[in-house]
Amino acid sequence: MSVRTDRQVVDGLLPSPVPVRFVAEDGTAVEPPTGYPAPGDGQLLEAYRRMVLGRRFDRQATALTKQGRLAVYPSSRGQEACQIAGVLALREDDWLFPTYRDSVALVSRGIDPVEVLTLLRGDWHCGYDPAATRVAPQCTPLATQTIHAVGLAEALRRKGEDGVVMAFIGDGGTSEGDFHEALNYAAVLHAPVVFFVQNNKYAISVPLARQTAAPALAYKGIGYGIRSEQVDGNDLVATLSVLTTAVEHARAGEGPFLVEAHTYRMDAHTNADDATRYREPEEVERWESADPLARLETHLRDRGLLDAEGIASAHEAAEEFASRLRDAMNAEPETDPYELFDHVFADPTPQLREQRALLASELTAPED
């Protein structure tokens, strides 16, 4: 039995020594990296419009939580470049496996925002049709969706389809066993899946240095034989370029690809979290100066692709979107208490029937 020791094979898997970048924090262009083509101007303008809308959606969802319209909301403010780039790198017939923090990506994918927020409102486990949207339910348990993503990617391959699956995951999820099982499974099967790690530096309150001693999370793919890369996740141009390359790699039958995006969660973990207990204000301020939306806007303006009218138009569309969302979320949802017993078993068990009957008796009992 031969063991692969070819140095070129190993080098072909290694990520860049520093994160790939096209645009600096101040919006100025830097020397482009080799091997990663720049996205088209039209695609960058579309990305900007989606980022403006995504940022406004995030602010509105946070406000709805404070108003009691949502049970919880995990903000992704500061991670919009990752969310939008992930969606734009995929075709409509590709699949997306999101985490609970990827609501902006789902909105950008074209899913009704009310359906996106259904899980966080507490109405249903998933408000949209995964088969119709090709978006798996938002995953709350860490990393379990990565194995599901690999299984679906393998199913696409066996059916002869050229679809690709992208699994979003946070840095905390890379510490879970499911993540490593998924990497190994994907590599052995040569499955067309892209693992997209949004490294926002904290797993709730646990900093990255307390999670791993690896020089970068991108290196975790090497041991499984997976090509990997790291990118400045607050640089939309670079993130879109790298993810597009990763998707094309998987679609061409070259196997899985791992991308780590270095980004930052500007807000608390959720509305139930007090981030000031584990983060210094100076740290947050440093990352706010690298805001991905401001960076892209400056870059597009400097290149003459965006002007004041275009900026105003994008924000006006975002405000209209937020207004429609407010109206829809302020309407009381129509609920059916008997849905508690639907979709549990194809044939309800005696215990379920008994519980349903008990609920029916309570609901129909005359008031005292």
# chains A, B, ... in the order shown; residues from 1 in each chain; ligands from 1
>>> residues_around(residues="Tyr278 of chain A", least_positions_apart="6", cutoff="9 Å", atoms="only C-alpha atoms", output="list in words")
Ser205, Val206 and Pro207 of chain A
>>> write_last_selection(atoms="C-alpha atoms", output="mmCIF file, in the first residue's frame")
data_model
loop_
_atom_site.group_PDB
_atom_site.id
_atom_site.type_symbol
_atom_site.label_atom_id
_atom_site.label_comp_id
_atom_site.auth_asym_id
_atom_site.auth_seq_id
_atom_site.Cartn_x
_atom_site.Cartn_y
_atom_site.Cartn_z
ATOM 1 C CA SER A 205 -17.619 34.307 25.366
ATOM 2 C CA VAL A 206 -14.753 31.892 24.629
ATOM 3 C CA PRO A 207 -11.997 33.592 22.595
#
>>> closest_atom_pairs(of="segment 229-292 of chain A", to="segment 169-186 of chain A", cutoff="10 Å", atoms="only C-alpha atoms", output="JSON lines")
{"residue": "A:Gly255", "atom": "CA", "partner": "A:Ala186", "partner_atom": "CA", "distance": 7.7}
{"residue": "A:Pro256", "atom": "CA", "partner": "A:Ala186", "partner_atom": "CA", "distance": 6.3}
{"residue": "A:Phe257", "atom": "CA", "partner": "A:Ala186", "partner_atom": "CA", "distance": 9.3}
{"residue": "A:Leu258", "atom": "CA", "partner": "A:Leu183", "partner_atom": "CA", "distance": 8.8}
{"residue": "A:Glu260", "atom": "CA", "partner": "A:Asp171", "partner_atom": "CA", "distance": 8.8}
{"residue": "A:Ala261", "atom": "CA", "partner": "A:Asp171", "partner_atom": "CA", "distance": 9.6}
{"residue": "A:His262", "atom": "CA", "partner": "A:Asp171", "partner_atom": "CA", "distance": 9.7}
>>> write_last_selection(atoms="C-alpha atoms", output="short mmCIF file (atom, residue, chain, number, x, y, z; two decimals), in the first residue's frame")
data_model
loop_
_atom_site.label_atom_id
_atom_site.label_comp_id
_atom_site.auth_asym_id
_atom_site.auth_seq_id
_atom_site.Cartn_x
_atom_site.Cartn_y
_atom_site.Cartn_z
CA GLY A 255 -13.52 17.47 -3.93
CA PRO A 256 -14.30 19.56 -0.85
CA PHE A 257 -12.82 22.96 0.00
CA LEU A 258 -12.44 24.69 3.39
CA GLU A 260 -11.86 30.41 6.84
CA ALA A 261 -13.02 34.04 6.84
CA HIS A 262 -11.52 36.32 9.49
#
>>> closest_atom_pairs(of="segment 3-97 of chain A", to="segment 294-312 of chain A", cutoff="8 Å", atoms="only C-alpha atoms", output="tab-separated table")
residue	atom	partner	partner_atom	distance
A:Val23	CA	A:His299	CA	7.4
A:Ala24	CA	A:Arg295	CA	7.7
A:Glu25	CA	A:Arg295	CA	6.0
A:Asp26	CA	A:Arg295	CA	6.1
A:Gly27	CA	A:His299	CA	4.5
A:Thr28	CA	A:His299	CA	6.0
A:Ala29	CA	A:His299	CA	7.2
A:Asp41	CA	A:Leu305	CA	7.5
A:Leu45	CA	A:Leu305	CA	7.7
A:Tyr48	CA	A:Leu296	CA	7.0
>>> write_last_selection(atoms="C-alpha atoms", output="PDB file, in the first residue's frame")
ATOM      1  CA  VAL A  23      -9.237  45.829  -0.354  1.00  0.00           C
ATOM      2  CA  ALA A  24      -7.649  47.388   2.737  1.00  0.00           C
ATOM      3  CA  GLU A  25      -9.615  48.615   5.769  1.00  0.00           C
ATOM      4  CA  ASP A  26      -9.703  52.153   4.367  1.00  0.00           C
ATOM      5  CA  GLY A  27     -11.258  50.973   1.102  1.00  0.00           C
ATOM      6  CA  THR A  28      -8.144  51.304  -1.045  1.00  0.00           C
ATOM      7  CA  ALA A  29      -7.199  48.495  -3.394  1.00  0.00           C
ATOM      8  CA  ASP A  41     -18.219  45.317 -11.259  1.00  0.00           C
ATOM      9  CA  LEU A  45     -22.651  46.598  -6.950  1.00  0.00           C
ATOM     10  CA  TYR A  48     -23.282  46.318  -1.962  1.00  0.00           C
TER      11      TYR A  48
END
>>> residues_around(residues="Ala38 of chain A", least_positions_apart="6", cutoff="10 Å", atoms="only C-alpha atoms", output="ChimeraX atom specification")
/A:22,32,44,237-238,240-242
>>> residues_around(residues="segment 323-334 of chain A", least_positions_apart="3", cutoff="8 Å", atoms="only C-alpha atoms", output="short mmCIF file (atom, residue, chain, number, x, y, z; two decimals) with N, CA and C atoms, in the first residue's frame")
data_model
loop_
_atom_site.label_atom_id
_atom_site.label_comp_id
_atom_site.auth_asym_id
_atom_site.auth_seq_id
_atom_site.Cartn_x
_atom_site.Cartn_y
_atom_site.Cartn_z
N GLN A 60 -33.32 45.82 12.19
CA GLN A 60 -34.75 45.70 12.42
C GLN A 60 -35.08 44.47 13.26
N LEU A 64 -36.98 44.26 16.83
CA LEU A 64 -38.15 43.41 17.05
C LEU A 64 -37.97 42.53 18.29
N ARG A 69 -41.25 40.82 19.86
CA ARG A 69 -41.77 40.13 18.68
C ARG A 69 -40.94 38.91 18.32
N PRO A 113 -38.45 37.28 4.63
CA PRO A 113 -37.85 37.53 5.95
C PRO A 113 -38.71 37.07 7.11
N VAL A 114 -40.02 37.09 6.94
CA VAL A 114 -40.89 36.59 8.00
C VAL A 114 -40.68 35.09 8.18
N GLU A 319 -34.88 50.64 3.65
CA GLU A 319 -35.88 51.17 4.57
C GLU A 319 -37.27 50.65 4.22
N GLU A 320 -37.58 50.59 2.94
CA GLU A 320 -38.87 50.04 2.52
C GLU A 320 -38.99 48.57 2.92
#
>>> select_by_dssp(residues="segment 22-140 of chain A", states="alpha helix (DSSP H)", output="PyMOL selection string")
chain A and resi 41-66+80-88+103-108+113-116+118-121+130-133
>>> select_by_dssp(residues="segment 202-362 of chain A", states="strand (DSSP E or B)", output="list of chain:residue names")
A:Tyr202, A:Ala203, A:Val206, A:Pro207, A:Arg227, A:Ser228, A:Glu229, A:Gln230, A:Val231, A:Asp232, A:Phe257, A:Leu258, A:Val259, A:Glu260, A:Ala261, A:His262
>>> write_last_selection(atoms="N, CA and C atoms", output="PDB file, in the first residue's frame")
ATOM      1  N   TYR A 202     -15.061  34.680  18.659  1.00  0.00           N
ATOM      2  CA  TYR A 202     -15.624  34.245  19.932  1.00  0.00           C
ATOM      3  C   TYR A 202     -16.677  33.163  19.729  1.00  0.00           C
ATOM      4  N   ALA A 203     -16.602  32.120  20.565  1.00  0.00           N
ATOM      5  CA  ALA A 203     -17.667  31.130  20.664  1.00  0.00           C
ATOM      6  C   ALA A 203     -18.474  31.525  21.899  1.00  0.00           C
ATOM      7  N   VAL A 206     -16.057  32.566  24.658  1.00  0.00           N
ATOM      8  CA  VAL A 206     -14.753  31.892  24.629  1.00  0.00           C
ATOM      9  C   VAL A 206     -13.936  32.408  23.448  1.00  0.00           C
ATOM     10  N   PRO A 207     -12.806  33.063  23.697  1.00  0.00           N
ATOM     11  CA  PRO A 207     -11.997  33.592  22.595  1.00  0.00           C
ATOM     12  C   PRO A 207     -11.316  32.471  21.817  1.00  0.00           C
ATOM     13  N   ARG A 227      -8.305  20.864   0.382  1.00  0.00           N
ATOM     14  CA  ARG A 227      -7.732  22.149   0.021  1.00  0.00           C
ATOM     15  C   ARG A 227      -8.371  23.237   0.877  1.00  0.00           C
ATOM     16  N   SER A 228      -7.555  24.146   1.378  1.00  0.00           N
ATOM     17  CA  SER A 228      -8.036  25.142   2.330  1.00  0.00           C
ATOM     18  C   SER A 228      -7.475  26.517   2.010  1.00  0.00           C
ATOM     19  N   GLU A 229      -8.188  27.535   2.500  1.00  0.00           N
ATOM     20  CA  GLU A 229      -7.750  28.914   2.296  1.00  0.00           C
ATOM     21  C   GLU A 229      -8.275  29.771   3.432  1.00  0.00           C
ATOM     22  N   GLN A 230      -7.572  30.857   3.710  1.00  0.00           N
ATOM     23  CA  GLN A 230      -8.049  31.860   4.663  1.00  0.00           C
ATOM     24  C   GLN A 230      -8.152  33.201   3.952  1.00  0.00           C
ATOM     25  N   VAL A 231      -9.158  33.984   4.347  1.00  0.00           N
ATOM     26  CA  VAL A 231      -9.457  35.224   3.649  1.00  0.00           C
ATOM     27  C   VAL A 231      -9.876  36.277   4.657  1.00  0.00           C
ATOM     28  N   ASP A 232      -9.652  37.534   4.322  1.00  0.00           N
ATOM     29  CA  ASP A 232     -10.146  38.651   5.115  1.00  0.00           C
ATOM     30  C   ASP A 232     -11.662  38.703   4.940  1.00  0.00           C
ATOM     31  N   PHE A 257     -13.680  21.777  -0.156  1.00  0.00           N
ATOM     32  CA  PHE A 257     -12.815  22.960   0.001  1.00  0.00           C
ATOM     33  C   PHE A 257     -13.195  23.606   1.328  1.00  0.00           C
ATOM     34  N   LEU A 258     -12.211  24.013   2.114  1.00  0.00           N
ATOM     35  CA  LEU A 258     -12.443  24.692   3.389  1.00  0.00           C
ATOM     36  C   LEU A 258     -11.967  26.134   3.287  1.00  0.00           C
ATOM     37  N   VAL A 259     -12.843  27.075   3.625  1.00  0.00           N
ATOM     38  CA  VAL A 259     -12.493  28.497   3.625  1.00  0.00           C
ATOM     39  C   VAL A 259     -12.737  29.062   5.019  1.00  0.00           C
ATOM     40  N   GLU A 260     -11.710  29.697   5.574  1.00  0.00           N
ATOM     41  CA  GLU A 260     -11.864  30.410   6.840  1.00  0.00           C
ATOM     42  C   GLU A 260     -11.871  31.905   6.560  1.00  0.00           C
ATOM     43  N   ALA A 261     -12.920  32.591   6.997  1.00  0.00           N
ATOM     44  CA  ALA A 261     -13.024  34.042   6.841  1.00  0.00           C
ATOM     45  C   ALA A 261     -12.795  34.699   8.191  1.00  0.00           C
ATOM     46  N   HIS A 262     -11.813  35.589   8.266  1.00  0.00           N
ATOM     47  CA  HIS A 262     -11.520  36.324   9.494  1.00  0.00           C
ATOM     48  C   HIS A 262     -12.441  37.545   9.555  1.00  0.00           C
TER      49      HIS A 262
END
>>> atom_distance(atom1="atom CA of Leu142 of chain A", atom2="atom CA of Asn271 of chain A")
18.7 Å
>>> residues_around(residues="Gly78 of chain A", least_positions_apart="3", cutoff="7 Å", atoms="only C-alpha atoms", output="PyMOL selection string")
chain A and resi 264-266+291-292
>>> residues_around(residues="Thr270 of chain A", least_positions_apart="4", cutoff="8 Å", atoms="only C-alpha atoms", output="list in words")
Val72, Tyr73, Pro74 and Ser75 of chain A
>>> residues_around(residues="Ala105 of chain A", least_positions_apart="5", cutoff="12 Å", atoms="only C-alpha atoms", output="PyMOL selection string")
chain A and resi 47+50-51+53-55+57-58+75-77+79-90+96-100+110-113+116+135+138+166-168
>>> write_last_selection(atoms="C-alpha atoms", output="PDB file, in the first residue's frame")
ATOM      1  CA  ALA A  47     -23.259  42.751  -3.310  1.00  0.00           C
ATOM      2  CA  ARG A  50     -27.540  43.298  -0.564  1.00  0.00           C
ATOM      3  CA  MET A  51     -25.175  44.282   2.229  1.00  0.00           C
ATOM      4  CA  LEU A  53     -30.342  45.619   2.965  1.00  0.00           C
ATOM      5  CA  GLY A  54     -28.804  42.916   5.162  1.00  0.00           C
ATOM      6  CA  ARG A  55     -27.487  45.464   7.646  1.00  0.00           C
ATOM      7  CA  PHE A  57     -32.624  43.744   8.253  1.00  0.00           C
ATOM      8  CA  ASP A  58     -30.267  42.923  11.118  1.00  0.00           C
ATOM      9  CA  SER A  75     -26.999  39.459  15.218  1.00  0.00           C
ATOM     10  CA  SER A  76     -24.508  39.147  12.376  1.00  0.00           C
ATOM     11  CA  ARG A  77     -23.649  42.853  12.190  1.00  0.00           C
ATOM     12  CA  GLN A  79     -20.297  39.712   9.098  1.00  0.00           C
ATOM     13  CA  GLU A  80     -22.334  40.886   6.108  1.00  0.00           C
ATOM     14  CA  ALA A  81     -19.466  40.428   3.643  1.00  0.00           C
ATOM     15  CA  CYS A  82     -19.331  36.748   4.573  1.00  0.00           C
ATOM     16  CA  GLN A  83     -23.089  36.260   4.443  1.00  0.00           C
ATOM     17  CA  ILE A  84     -23.586  37.958   1.089  1.00  0.00           C
ATOM     18  CA  ALA A  85     -20.471  36.509  -0.559  1.00  0.00           C
ATOM     19  CA  GLY A  86     -21.537  33.011   0.433  1.00  0.00           C
ATOM     20  CA  VAL A  87     -24.882  33.419  -1.290  1.00  0.00           C
ATOM     21  CA  LEU A  88     -23.514  35.121  -4.409  1.00  0.00           C
ATOM     22  CA  ALA A  89     -20.944  32.372  -4.934  1.00  0.00           C
ATOM     23  CA  LEU A  90     -23.734  29.788  -5.293  1.00  0.00           C
ATOM     24  CA  LEU A  96     -26.907  26.222   1.576  1.00  0.00           C
ATOM     25  CA  PHE A  97     -26.668  24.808   5.111  1.00  0.00           C
ATOM     26  CA  PRO A  98     -26.804  27.773   7.521  1.00  0.00           C
ATOM     27  CA  THR A  99     -26.288  28.237  11.246  1.00  0.00           C
ATOM     28  CA  TYR A 100     -28.586  30.204  13.534  1.00  0.00           C
ATOM     29  CA  GLY A 110     -34.516  35.479  -1.497  1.00  0.00           C
ATOM     30  CA  ILE A 111     -36.388  33.821   1.360  1.00  0.00           C
ATOM     31  CA  ASP A 112     -39.289  35.782   2.845  1.00  0.00           C
ATOM     32  CA  PRO A 113     -37.847  37.533   5.946  1.00  0.00           C
ATOM     33  CA  VAL A 116     -36.588  33.426   8.063  1.00  0.00           C
ATOM     34  CA  VAL A 135     -31.669  26.013   2.047  1.00  0.00           C
ATOM     35  CA  GLN A 138     -31.088  27.029  10.343  1.00  0.00           C
ATOM     36  CA  MET A 166     -22.004  25.173   1.134  1.00  0.00           C
ATOM     37  CA  ALA A 167     -22.032  24.633   4.890  1.00  0.00           C
ATOM     38  CA  PHE A 168     -21.706  27.751   7.024  1.00  0.00           C
TER      39      PHE A 168
END
